[in-house]
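Novice: Pasting in a structure now, in structure tokens, and then I'll have a few things to ask.
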Amino acid sequence: MAALEYWLWLSSCGLSVRAKAALLHRFGDAEQIFFAPSGAFEKLEGVTPKEAQRLEERNLRRAHEIAGACAQQGLEMLTLQDAAYPARLRNIFSPPVVLYVKGKLPPVDSSVAIAVVGTRAASLYGRKMARDLAYQMAKSGALILSGLTKGIDAEAAQGALLADGSVIGVLGTPHEAEQGQLARSVAAWGALISEYPPGTRHQNSAFRERNRITAGLSLGVLAVEAPEKSGTHLFVEEAAAQGKEIFAVPGNADAQSSAGTLLMLKEGAKLATCGWDVLGEFARVYPGSLHRTEQLHAPEAPKPEPDAQAPKPKTEPPALDKKSAKGYIDLKQQLSELSEDALRVIAAMEAEPAHVDDIVERSQLPVSKVLTQLTILQVKGYVQRLPGQRYERKITKK
């Protein structure tokens with residue numbers, strides 16, 4: 001483990017953002033902090049007496065526990081000294097000492113990364129705009145950043161996924177505390193990141209601390225809908241302090257849910273009504289990374305037909321042969337926008353629910369690819385997960 005264990009130790013000492021910044025400024029790296037002379041932490045500005053006491057324990061047991069938990073959860077550990085650690089994030093005040101990553105981290109430093117933020121209590125208008133604009137930006141080549149919280153953040157992540165685009169979910173909790181379907185989909189299609197090691201207890205300050213990470217990874221921030229006093233306003237303040245470009249979507253003048261974004265526009269945020277309003281600001285600086293698309297709307301996930309919502313009374317014995325499947329349209333035509341692997345997974349599913357092992361055998365794809373595609377197909381509404389690791393495809397009749 002070598003130097004990694006010292007970074008894991010520093011990440012797990014329960015230190016404030018300010019304390020970590022002070023320690024790294026004074027000692028340089030985690031190993032130097034661990035071997036600092038006894039009493040060196042007590043007089044250091046930014047480190048409280050309780051934090052100094054925790055540091056003086058110099059116990060690596062927790063670091064080894066974290067390494068084991070990361071292996072079990074499939075998490076990559078990126079320290080400040082790793083080449084793969086995003087340079088944009090490294091350059092903010094008090095960057096995370098370790099990033100715990102699930103999935104494959106996109107190339108942040110060469111990407112036009114846009115954070116999409118807004119209220120949890122979003123209106124129908126706000127949710128639609130978040131999904132559509134994130135969809136448009138992802139289709140145009142942008143990397144979408146989302147906190148994945150209910151409302152605007154979640155809709156933006158869904159829009160990016162529906163566009164088959166790059167997306168990073170930034171968590172304010174350790175990975176094991178976020179078990180939702182959206183988080184699993186983001187990890188399968190992009191990456192989930194957290195600065196909190198496995199086993200960390202939730203702290204009320206975590207979501208405010210997360211703001212600096214999301215803003216740090218971004219080039220710009222798009223605020224879709226927010227009341228005047230909200231967490232979104234705090235996020236925008238953090239991003240502005242980091243020198244990020246701020247954009248806002250206009251809303252109804254008399255809607256409380258839009259009061260915050262309208263105020264941002266008055267204070268100098270750039271107006272955005274489509275994805276290119278945001279990306280156009282970066283096209284010259286990142287030539288070749290972006291391609292302008294028309295103002296697209298994110299597709300709605302296919303829904304069962306009304307008569308499929310509940311079983312009908314049986315009036316005759318069910319047909320046992322499979323000729324009845326002719327009533328379905330050609331799957332490849334219906335799902336033409338999906339990847340070849342996704343089509344193979346769909347084709348491997350019979351009309352009745354199929355166990356994941358059967359899908360793997362029929363598709364002749366690795367288990368990891370099958371699970372990834374099933375997750376994506378669930379997000380897009382083409383597949384439904386059933387108990388017992390069984391999956392059922394959703395297709396429409398003629």
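Here's how to read the names in the structure tokens: chain A, B, ... by the order shown, residue numbers from 1 in each chain, ligand numbers from 1 in the order shown.
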Just the residues within 7 Å of region 87-89 of chain A, please, counting only C-alpha atoms, with nothing from its chain fewer than 6 positions along; format it as a list in words.
Specialist: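 After dropping sequence-adjacent residues, the list is Pro95, Asp109, Ile213, Gly216 and Leu217 of chain A.
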Novice: Kindly export the residues of the current selection with C-alpha atoms, as a short mmCIF file (atom, residue, chain, number, x, y, z; two decimals), in the first residue's frame.
Specialist:
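Saved to part34.cif:
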```
data_model
loop_
_atom_site.label_atom_id
_atom_site.label_comp_id
_atom_site.auth_asym_id
_atom_site.auth_seq_id
_atom_site.Cartn_x
_atom_site.Cartn_y
_atom_site.Cartn_z
CA PRO A 95 -9.21 19.66 -2.62
CA ASP A 109 -9.53 18.14 -17.59
CA ILE A 213 -15.97 19.52 -5.48
CA GLY A 216 -14.19 22.55 -8.90
CA LEU A 217 -14.66 19.90 -11.57
#
```
Novice: Quick one: everything within 9 Å of Leu4 (chain A), counting only C-alpha atoms, minus sequence neighbours fewer than 4 positions away in the same chain. Send it as a PyMOL selection string.
Specialist: chain A and resi 8-9+30-31+63+77+79
Novice: May I have the residues within 9 Å of Ser123 (chain A) as an MDAnalysis selection string, using only C-alpha atoms and disregarding those fewer than 5 positions away in the same chain?
Specialist: chainID A and resid 128 151 225 257
Novice: Using only C-alpha atoms, what does the table of region 167-247 of chain A residues within 10 Å of region 153-156 of chain A look like, with each row giving the shortest atom pair and its distance in Å to one decimal, sorted by chain and ascending number, as JSON lines?
Specialist:
```
{"residue": "A:Val167", "atom": "CA", "partner": "A:Ala156", "partner_atom": "CA", "distance": 9.4}
{"residue": "A:Gly169", "atom": "CA", "partner": "A:Asp153", "partner_atom": "CA", "distance": 9.3}
{"residue": "A:Leu182", "atom": "CA", "partner": "A:Ala154", "partner_atom": "CA", "distance": 7.7}
{"residue": "A:Ala183", "atom": "CA", "partner": "A:Ala154", "partner_atom": "CA", "distance": 9.4}
{"residue": "A:Ala223", "atom": "CA", "partner": "A:Asp153", "partner_atom": "CA", "distance": 9.8}
{"residue": "A:Val224", "atom": "CA", "partner": "A:Asp153", "partner_atom": "CA", "distance": 9.3}
```
Novice: Name the residues in contact with Ala177 (chain A) at a cut-off of 10 Å, using only C-alpha atoms, excluding same-chain residues fewer than 3 positions from it; report them as a VMD selection string.
Specialist: chain A and resid 171 to 174 180 198 to 202
Novice: Going by DSSP on the backbone, which residues of region 118-300 of chain A come out as strand (DSSP E)? List them as a PyMOL selection string.
Specialist: chain A and resi 143-146+166-170+191-194+220-223+245-248+270-271
Novice: May I have the selected residues written with N, CA, C and O atoms, as a PDB file, in the first residue's frame?
Specialist:
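This is the output file result_16.pdb:
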```pdb
ATOM      1  N   LEU A 143     -19.636  17.130 -20.645  1.00  0.00           N
ATOM      2  CA  LEU A 143     -19.666  16.250 -19.473  1.00  0.00           C
ATOM      3  C   LEU A 143     -20.606  16.881 -18.454  1.00  0.00           C
ATOM      4  O   LEU A 143     -20.421  18.039 -18.071  1.00  0.00           O
ATOM      5  N   ILE A 144     -21.612  16.143 -18.004  1.00  0.00           N
ATOM      6  CA  ILE A 144     -22.599  16.677 -17.065  1.00  0.00           C
ATOM      7  C   ILE A 144     -22.241  16.243 -15.642  1.00  0.00           C
ATOM      8  O   ILE A 144     -21.952  15.079 -15.375  1.00  0.00           O
ATOM      9  N   LEU A 145     -22.273  17.213 -14.737  1.00  0.00           N
ATOM     10  CA  LEU A 145     -22.017  16.975 -13.312  1.00  0.00           C
ATOM     11  C   LEU A 145     -23.318  17.148 -12.543  1.00  0.00           C
ATOM     12  O   LEU A 145     -24.042  18.115 -12.768  1.00  0.00           O
ATOM     13  N   SER A 146     -23.595  16.216 -11.638  1.00  0.00           N
ATOM     14  CA  SER A 146     -24.859  16.256 -10.898  1.00  0.00           C
ATOM     15  C   SER A 146     -24.648  15.766  -9.475  1.00  0.00           C
ATOM     16  O   SER A 146     -23.859  14.848  -9.234  1.00  0.00           O
ATOM     17  N   SER A 166     -21.578  11.562 -21.202  1.00  0.00           N
ATOM     18  CA  SER A 166     -20.717  11.410 -20.028  1.00  0.00           C
ATOM     19  C   SER A 166     -21.347  12.120 -18.836  1.00  0.00           C
ATOM     20  O   SER A 166     -21.836  13.240 -18.967  1.00  0.00           O
ATOM     21  N   VAL A 167     -21.296  11.468 -17.684  1.00  0.00           N
ATOM     22  CA  VAL A 167     -21.902  12.049 -16.484  1.00  0.00           C
ATOM     23  C   VAL A 167     -21.120  11.614 -15.253  1.00  0.00           C
ATOM     24  O   VAL A 167     -20.636  10.484 -15.169  1.00  0.00           O
ATOM     25  N   ILE A 168     -20.975  12.548 -14.324  1.00  0.00           N
ATOM     26  CA  ILE A 168     -20.357  12.258 -13.027  1.00  0.00           C
ATOM     27  C   ILE A 168     -21.350  12.648 -11.942  1.00  0.00           C
ATOM     28  O   ILE A 168     -21.867  13.769 -11.936  1.00  0.00           O
ATOM     29  N   GLY A 169     -21.604  11.741 -11.030  1.00  0.00           N
ATOM     30  CA  GLY A 169     -22.419  12.031  -9.863  1.00  0.00           C
ATOM     31  C   GLY A 169     -21.509  12.299  -8.676  1.00  0.00           C
ATOM     32  O   GLY A 169     -20.635  11.479  -8.368  1.00  0.00           O
ATOM     33  N   VAL A 170     -21.672  13.446  -8.040  1.00  0.00           N
ATOM     34  CA  VAL A 170     -20.836  13.822  -6.896  1.00  0.00           C
ATOM     35  C   VAL A 170     -21.661  13.632  -5.619  1.00  0.00           C
ATOM     36  O   VAL A 170     -22.678  14.303  -5.429  1.00  0.00           O
ATOM     37  N   ALA A 191     -19.331   7.854 -13.792  1.00  0.00           N
ATOM     38  CA  ALA A 191     -18.651   7.637 -12.516  1.00  0.00           C
ATOM     39  C   ALA A 191     -19.406   8.307 -11.374  1.00  0.00           C
ATOM     40  O   ALA A 191     -20.013   9.360 -11.549  1.00  0.00           O
ATOM     41  N   LEU A 192     -19.328   7.682 -10.221  1.00  0.00           N
ATOM     42  CA  LEU A 192     -19.763   8.261  -8.957  1.00  0.00           C
ATOM     43  C   LEU A 192     -18.518   8.564  -8.150  1.00  0.00           C
ATOM     44  O   LEU A 192     -17.617   7.720  -8.062  1.00  0.00           O
ATOM     45  N   ILE A 193     -18.449   9.749  -7.557  1.00  0.00           N
ATOM     46  CA  ILE A 193     -17.287  10.082  -6.739  1.00  0.00           C
ATOM     47  C   ILE A 193     -17.731  10.615  -5.386  1.00  0.00           C
ATOM     48  O   ILE A 193     -18.796  11.208  -5.246  1.00  0.00           O
ATOM     49  N   SER A 194     -16.892  10.362  -4.389  1.00  0.00           N
ATOM     50  CA  SER A 194     -17.132  10.868  -3.039  1.00  0.00           C
ATOM     51  C   SER A 194     -15.788  11.086  -2.369  1.00  0.00           C
ATOM     52  O   SER A 194     -14.819  10.374  -2.660  1.00  0.00           O
ATOM     53  N   GLY A 220     -18.433  25.496 -15.948  1.00  0.00           N
ATOM     54  CA  GLY A 220     -19.574  26.373 -15.773  1.00  0.00           C
ATOM     55  C   GLY A 220     -20.673  25.690 -14.993  1.00  0.00           C
ATOM     56  O   GLY A 220     -20.688  24.468 -14.847  1.00  0.00           O
ATOM     57  N   VAL A 221     -21.593  26.504 -14.487  1.00  0.00           N
ATOM     58  CA  VAL A 221     -22.718  26.014 -13.693  1.00  0.00           C
ATOM     59  C   VAL A 221     -24.006  26.520 -14.298  1.00  0.00           C
ATOM     60  O   VAL A 221     -24.141  27.719 -14.588  1.00  0.00           O
ATOM     61  N   LEU A 222     -24.952  25.612 -14.503  1.00  0.00           N
ATOM     62  CA  LEU A 222     -26.277  25.979 -15.001  1.00  0.00           C
ATOM     63  C   LEU A 222     -27.295  25.787 -13.886  1.00  0.00           C
ATOM     64  O   LEU A 222     -27.550  24.666 -13.455  1.00  0.00           O
ATOM     65  N   ALA A 223     -27.857  26.888 -13.401  1.00  0.00           N
ATOM     66  CA  ALA A 223     -28.924  26.841 -12.397  1.00  0.00           C
ATOM     67  C   ALA A 223     -30.256  26.852 -13.132  1.00  0.00           C
ATOM     68  O   ALA A 223     -30.560  27.800 -13.863  1.00  0.00           O
ATOM     69  N   GLU A 245     -18.077  30.105 -14.834  1.00  0.00           N
ATOM     70  CA  GLU A 245     -19.134  30.817 -15.563  1.00  0.00           C
ATOM     71  C   GLU A 245     -20.493  30.380 -15.006  1.00  0.00           C
ATOM     72  O   GLU A 245     -20.736  29.189 -14.800  1.00  0.00           O
ATOM     73  N   ILE A 246     -21.386  31.345 -14.789  1.00  0.00           N
ATOM     74  CA  ILE A 246     -22.697  31.056 -14.218  1.00  0.00           C
ATOM     75  C   ILE A 246     -23.784  31.323 -15.256  1.00  0.00           C
ATOM     76  O   ILE A 246     -23.814  32.385 -15.885  1.00  0.00           O
ATOM     77  N   PHE A 247     -24.682  30.342 -15.404  1.00  0.00           N
ATOM     78  CA  PHE A 247     -25.809  30.444 -16.319  1.00  0.00           C
ATOM     79  C   PHE A 247     -27.091  30.149 -15.544  1.00  0.00           C
ATOM     80  O   PHE A 247     -27.078  29.408 -14.558  1.00  0.00           O
ATOM     81  N   ALA A 248     -28.187  30.712 -15.992  1.00  0.00           N
ATOM     82  CA  ALA A 248     -29.472  30.464 -15.324  1.00  0.00           C
ATOM     83  C   ALA A 248     -30.589  30.398 -16.352  1.00  0.00           C
ATOM     84  O   ALA A 248     -30.558  31.085 -17.374  1.00  0.00           O
ATOM     85  N   LYS A 270     -25.567  34.451 -17.050  1.00  0.00           N
ATOM     86  CA  LYS A 270     -25.925  34.445 -18.474  1.00  0.00           C
ATOM     87  C   LYS A 270     -27.191  33.617 -18.688  1.00  0.00           C
ATOM     88  O   LYS A 270     -27.337  32.534 -18.134  1.00  0.00           O
ATOM     89  N   LEU A 271     -28.083  34.141 -19.494  1.00  0.00           N
ATOM     90  CA  LEU A 271     -29.356  33.481 -19.727  1.00  0.00           C
ATOM     91  C   LEU A 271     -29.171  32.256 -20.616  1.00  0.00           C
ATOM     92  O   LEU A 271     -28.448  32.301 -21.610  1.00  0.00           O
TER      93      LEU A 271
END
```
Novice: Which polymer residues have any atom within 12 Å of an atom of Pro37 (chain A), counting only C-alpha atoms, with same-chain residues fewer than 6 positions away left out, as a ChimeraX atom specification?
Specialist: /A:27,55-56,58
Novice: For those residues, write all heavy atoms to a file as a PDB file, in the first residue's frame.
Specialist:
```
ATOM      1  N   PHE A  27       2.856  20.758   5.729  1.00  0.00           N
ATOM      2  CA  PHE A  27       3.720  19.575   5.659  1.00  0.00           C
ATOM      3  C   PHE A  27       3.891  19.012   4.242  1.00  0.00           C
ATOM      4  O   PHE A  27       4.805  18.225   4.012  1.00  0.00           O
ATOM      5  CB  PHE A  27       3.170  18.477   6.576  1.00  0.00           C
ATOM      6  CG  PHE A  27       3.138  18.863   8.019  1.00  0.00           C
ATOM      7  CD1 PHE A  27       1.951  19.223   8.638  1.00  0.00           C
ATOM      8  CD2 PHE A  27       4.308  18.893   8.780  1.00  0.00           C
ATOM      9  CE1 PHE A  27       1.910  19.576   9.980  1.00  0.00           C
ATOM     10  CE2 PHE A  27       4.284  19.264  10.117  1.00  0.00           C
ATOM     11  CZ  PHE A  27       3.079  19.612  10.722  1.00  0.00           C
ATOM     12  N   LEU A  55      -5.212  13.275  15.187  1.00  0.00           N
ATOM     13  CA  LEU A  55      -4.000  13.113  14.390  1.00  0.00           C
ATOM     14  C   LEU A  55      -2.872  12.471  15.198  1.00  0.00           C
ATOM     15  O   LEU A  55      -2.119  11.640  14.671  1.00  0.00           O
ATOM     16  CB  LEU A  55      -3.544  14.472  13.861  1.00  0.00           C
ATOM     17  CG  LEU A  55      -4.428  15.099  12.769  1.00  0.00           C
ATOM     18  CD1 LEU A  55      -4.119  16.580  12.606  1.00  0.00           C
ATOM     19  CD2 LEU A  55      -4.226  14.384  11.436  1.00  0.00           C
ATOM     20  N   GLU A  56      -2.775  12.832  16.453  1.00  0.00           N
ATOM     21  CA  GLU A  56      -1.704  12.310  17.300  1.00  0.00           C
ATOM     22  C   GLU A  56      -1.831  10.806  17.541  1.00  0.00           C
ATOM     23  O   GLU A  56      -0.857  10.146  17.879  1.00  0.00           O
ATOM     24  CB  GLU A  56      -1.673  13.051  18.643  1.00  0.00           C
ATOM     25  CG  GLU A  56      -1.155  14.481  18.574  1.00  0.00           C
ATOM     26  CD  GLU A  56       0.341  14.560  18.298  1.00  0.00           C
ATOM     27  OE1 GLU A  56       1.002  13.493  18.190  1.00  0.00           O
ATOM     28  OE2 GLU A  56       0.854  15.682  18.171  1.00  0.00           O
ATOM     29  N   ARG A  58      -2.288   8.551  15.292  1.00  0.00           N
ATOM     30  CA  ARG A  58      -1.473   7.967  14.212  1.00  0.00           C
ATOM     31  C   ARG A  58      -1.730   6.464  14.057  1.00  0.00           C
ATOM     32  O   ARG A  58      -0.805   5.655  13.988  1.00  0.00           O
ATOM     33  CB  ARG A  58       0.021   8.230  14.455  1.00  0.00           C
ATOM     34  CG  ARG A  58       0.332   9.723  14.623  1.00  0.00           C
ATOM     35  CD  ARG A  58       1.790   9.936  14.967  1.00  0.00           C
ATOM     36  NE  ARG A  58       2.016  11.216  15.606  1.00  0.00           N
ATOM     37  CZ  ARG A  58       2.505  12.295  15.008  1.00  0.00           C
ATOM     38  NH1 ARG A  58       2.830  12.244  13.732  1.00  0.00           N
ATOM     39  NH2 ARG A  58       2.692  13.423  15.674  1.00  0.00           N
TER      40      ARG A  58
END
```
Novice: Which residue out of A:Met129, A:Ala19, A:Trp7, A:Ala138 has the minimum interatomic distance to Lys43 (chain A) when only C-alpha atoms are used?
Specialist: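 Of the candidates, the smallest distance to Lys43 (chain A) is held by A:Ala19.
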Novice: Need to verify the contact set: region 352-356 of chain A, 7 Å, only C-alpha atoms, exclusion of same-chain residues closer than 4 positions in sequence. Can you return it as a compact mmCIF listing (two decimals) with N, CA, C and O atoms, in the first residue's frame?
Specialist:
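Result file is out.txt:
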```txt
# COMPACT_ATOMS: atom_id res chain seq x y z
N VAL A 360 -26.95 -13.87 -19.97
CA VAL A 360 -25.51 -13.96 -20.22
C VAL A 360 -25.21 -15.08 -21.21
O VAL A 360 -24.45 -14.91 -22.18
N GLN A 389 -33.36 -11.74 -9.49
CA GLN A 389 -32.43 -11.46 -10.57
C GLN A 389 -33.02 -11.77 -11.95
O GLN A 389 -32.32 -12.21 -12.86
N ARG A 390 -34.32 -11.55 -12.10
CA ARG A 390 -34.98 -11.75 -13.38
C ARG A 390 -35.28 -10.38 -14.00
O ARG A 390 -35.50 -9.40 -13.29
N TYR A 391 -35.31 -10.37 -15.31
CA TYR A 391 -35.55 -9.13 -16.04
C TYR A 391 -36.62 -9.36 -17.11
O TYR A 391 -36.67 -10.44 -17.73
N GLU A 392 -37.43 -8.34 -17.32
CA GLU A 392 -38.52 -8.42 -18.29
C GLU A 392 -38.41 -7.23 -19.23
O GLU A 392 -38.24 -6.10 -18.80
```
Novice: Taking the DSSP secondary structure from the backbone, can you list the residues of region 181-284 of chain A that are helix (DSSP H, G or I), as a VMD selection string?
Specialist: chain A and resid 181 to 189 206 to 217 231 to 241 256 to 266 275 to 279
Novice: Quick one: everything within 9 Å of Ile376 (chain A), counting only C-alpha atoms, minus sequence neighbours fewer than 3 positions away in the same chain. Send it as a list in words.
Specialist: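 Non-adjacent residues within range: Leu161, Leu162, Ser185, Val186, Ala188, Trp189, Ala342, Leu371, Thr372, Gln373, Val379, Lys380, Gly381, Tyr382 and Val383 of chain A.
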Novice: Atoms to include: all heavy atoms. Write the selected residues as a short mmCIF file (atom, residue, chain, number, x, y, z; two decimals), in the first residue's frame.
Specialist:
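Now in result22.cif:
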```cif
data_model
loop_
_atom_site.label_atom_id
_atom_site.label_comp_id
_atom_site.auth_asym_id
_atom_site.auth_seq_id
_atom_site.Cartn_x
_atom_site.Cartn_y
_atom_site.Cartn_z
N LEU A 161 -27.88 10.59 -19.24
CA LEU A 161 -27.91 9.15 -19.49
C LEU A 161 -28.71 8.83 -20.75
O LEU A 161 -28.31 7.99 -21.56
CB LEU A 161 -28.51 8.43 -18.29
CG LEU A 161 -27.66 8.39 -17.02
CD1 LEU A 161 -28.47 7.84 -15.85
CD2 LEU A 161 -26.41 7.55 -17.23
N LEU A 162 -29.83 9.50 -20.92
CA LEU A 162 -30.66 9.25 -22.10
C LEU A 162 -29.96 9.67 -23.39
O LEU A 162 -30.25 9.15 -24.47
CB LEU A 162 -31.99 10.01 -21.98
CG LEU A 162 -32.97 9.43 -20.95
CD1 LEU A 162 -34.09 10.41 -20.66
CD2 LEU A 162 -33.53 8.10 -21.45
N SER A 185 -26.94 3.58 -12.18
CA SER A 185 -26.87 3.84 -13.61
C SER A 185 -25.71 4.78 -13.94
O SER A 185 -25.00 4.58 -14.93
CB SER A 185 -28.19 4.43 -14.09
OG SER A 185 -29.26 3.56 -13.84
N VAL A 186 -25.54 5.81 -13.13
CA VAL A 186 -24.45 6.75 -13.36
C VAL A 186 -23.10 6.04 -13.23
O VAL A 186 -22.18 6.26 -14.02
CB VAL A 186 -24.54 7.94 -12.38
CG1 VAL A 186 -23.27 8.78 -12.42
CG2 VAL A 186 -25.75 8.81 -12.72
N ALA A 188 -22.54 2.95 -13.83
CA ALA A 188 -22.39 2.05 -14.98
C ALA A 188 -22.02 2.81 -16.24
O ALA A 188 -21.28 2.31 -17.09
CB ALA A 188 -23.68 1.27 -15.20
N TRP A 189 -22.51 4.04 -16.39
CA TRP A 189 -22.35 4.81 -17.63
C TRP A 189 -21.24 5.85 -17.52
O TRP A 189 -20.72 6.31 -18.53
CB TRP A 189 -23.67 5.47 -17.98
CG TRP A 189 -23.80 5.89 -19.41
CD1 TRP A 189 -23.95 7.17 -19.87
CD2 TRP A 189 -23.81 5.07 -20.57
NE1 TRP A 189 -24.06 7.18 -21.24
CE2 TRP A 189 -23.98 5.90 -21.69
CE3 TRP A 189 -23.70 3.69 -20.77
CZ2 TRP A 189 -24.02 5.42 -22.99
CZ3 TRP A 189 -23.75 3.21 -22.07
CH2 TRP A 189 -23.92 4.06 -23.15
N ALA A 342 -26.36 -3.55 -26.18
CA ALA A 342 -27.70 -3.43 -25.61
C ALA A 342 -28.71 -4.22 -26.44
O ALA A 342 -29.60 -4.89 -25.90
CB ALA A 342 -28.12 -1.96 -25.55
N LEU A 371 -24.65 -6.82 -17.13
CA LEU A 371 -25.18 -6.07 -16.00
C LEU A 371 -25.20 -4.57 -16.30
O LEU A 371 -26.15 -3.86 -15.94
CB LEU A 371 -24.36 -6.36 -14.74
CG LEU A 371 -24.47 -7.78 -14.20
CD1 LEU A 371 -23.52 -7.98 -13.02
CD2 LEU A 371 -25.89 -8.09 -13.77
N THR A 372 -24.15 -4.08 -16.96
CA THR A 372 -24.10 -2.67 -17.32
C THR A 372 -25.22 -2.31 -18.28
O THR A 372 -25.94 -1.31 -18.10
CB THR A 372 -22.74 -2.33 -17.97
OG1 THR A 372 -21.71 -2.53 -17.01
CG2 THR A 372 -22.71 -0.88 -18.44
N GLN A 373 -25.41 -3.12 -19.32
CA GLN A 373 -26.45 -2.84 -20.30
C GLN A 373 -27.85 -2.96 -19.69
O GLN A 373 -28.74 -2.18 -20.02
CB GLN A 373 -26.31 -3.77 -21.51
CG GLN A 373 -25.05 -3.56 -22.32
CD GLN A 373 -24.92 -2.13 -22.82
OE1 GLN A 373 -25.91 -1.45 -23.11
NE2 GLN A 373 -23.68 -1.64 -22.91
N VAL A 379 -32.88 2.32 -17.02
CA VAL A 379 -33.00 3.78 -16.98
C VAL A 379 -33.84 4.27 -18.14
O VAL A 379 -34.69 5.17 -18.00
CB VAL A 379 -31.60 4.43 -17.02
CG1 VAL A 379 -31.72 5.93 -17.19
CG2 VAL A 379 -30.85 4.11 -15.75
N LYS A 380 -33.64 3.68 -19.32
CA LYS A 380 -34.35 4.13 -20.51
C LYS A 380 -35.75 3.54 -20.62
O LYS A 380 -36.51 3.90 -21.52
CB LYS A 380 -33.53 3.77 -21.75
CG LYS A 380 -32.19 4.50 -21.76
CD LYS A 380 -31.47 4.33 -23.09
CE LYS A 380 -30.20 5.19 -23.10
NZ LYS A 380 -29.52 5.16 -24.39
N GLY A 381 -36.10 2.67 -19.68
CA GLY A 381 -37.47 2.17 -19.64
C GLY A 381 -37.74 0.98 -20.54
O GLY A 381 -38.90 0.60 -20.72
N TYR A 382 -36.71 0.36 -21.10
CA TYR A 382 -36.91 -0.78 -21.99
C TYR A 382 -36.93 -2.11 -21.24
O TYR A 382 -37.36 -3.13 -21.79
CB TYR A 382 -35.82 -0.82 -23.06
CG TYR A 382 -35.86 0.35 -24.01
CD1 TYR A 382 -34.79 1.23 -24.11
CD2 TYR A 382 -36.98 0.58 -24.81
CE1 TYR A 382 -34.83 2.30 -24.98
CE2 TYR A 382 -37.03 1.65 -25.67
CZ TYR A 382 -35.96 2.51 -25.75
OH TYR A 382 -36.00 3.58 -26.61
N VAL A 383 -36.42 -2.11 -20.02
CA VAL A 383 -36.31 -3.34 -19.24
C VAL A 383 -36.77 -3.07 -17.81
O VAL A 383 -36.51 -1.99 -17.28
CB VAL A 383 -34.86 -3.87 -19.25
CG1 VAL A 383 -34.66 -4.94 -18.19
CG2 VAL A 383 -34.50 -4.42 -20.62
#
```
Novice: Let me make sure I understand: among A:Glu237, A:His175, A:Ala84, A:Ser38, which one has the smallest atom-to-atom distance to Gln72 (chain A) if we use only C-alpha atoms?
Specialist: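 With only C-alpha atoms as the atom set, the closest residue is A:His175.
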Novice: Which one of A:Ala130, A:Ala348, A:Ala142, A:Leu10 sits closest to Pro250 (chain A) if you count only C-alpha atoms?
Specialist: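 That would be A:Ala130, the residue with the smallest distance to Pro250 (chain A).
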Novice: I'd like to know which of A:Gln32, A:Gln364, A:Ser12, A:Asn91 is closest to Arg61 (chain A), using only C-alpha atoms.
Specialist: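 The closest residue to Arg61 (chain A) is A:Ser12.
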Novice: Which of these residues is nearest to Thr261 (chain A), using only C-alpha atoms: A:Leu124, A:Ala187, A:Val117, A:Met137?
Specialist: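 Closest candidate: A:Val117.
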Novice: What does the distance between CA of Arg127 (chain A) and CA of Ile152 (chain A) come to in Å, to one decimal place?
Specialist: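 CA of Ile152 (chain A) lies 5.6 Å from CA of Arg127 (chain A).
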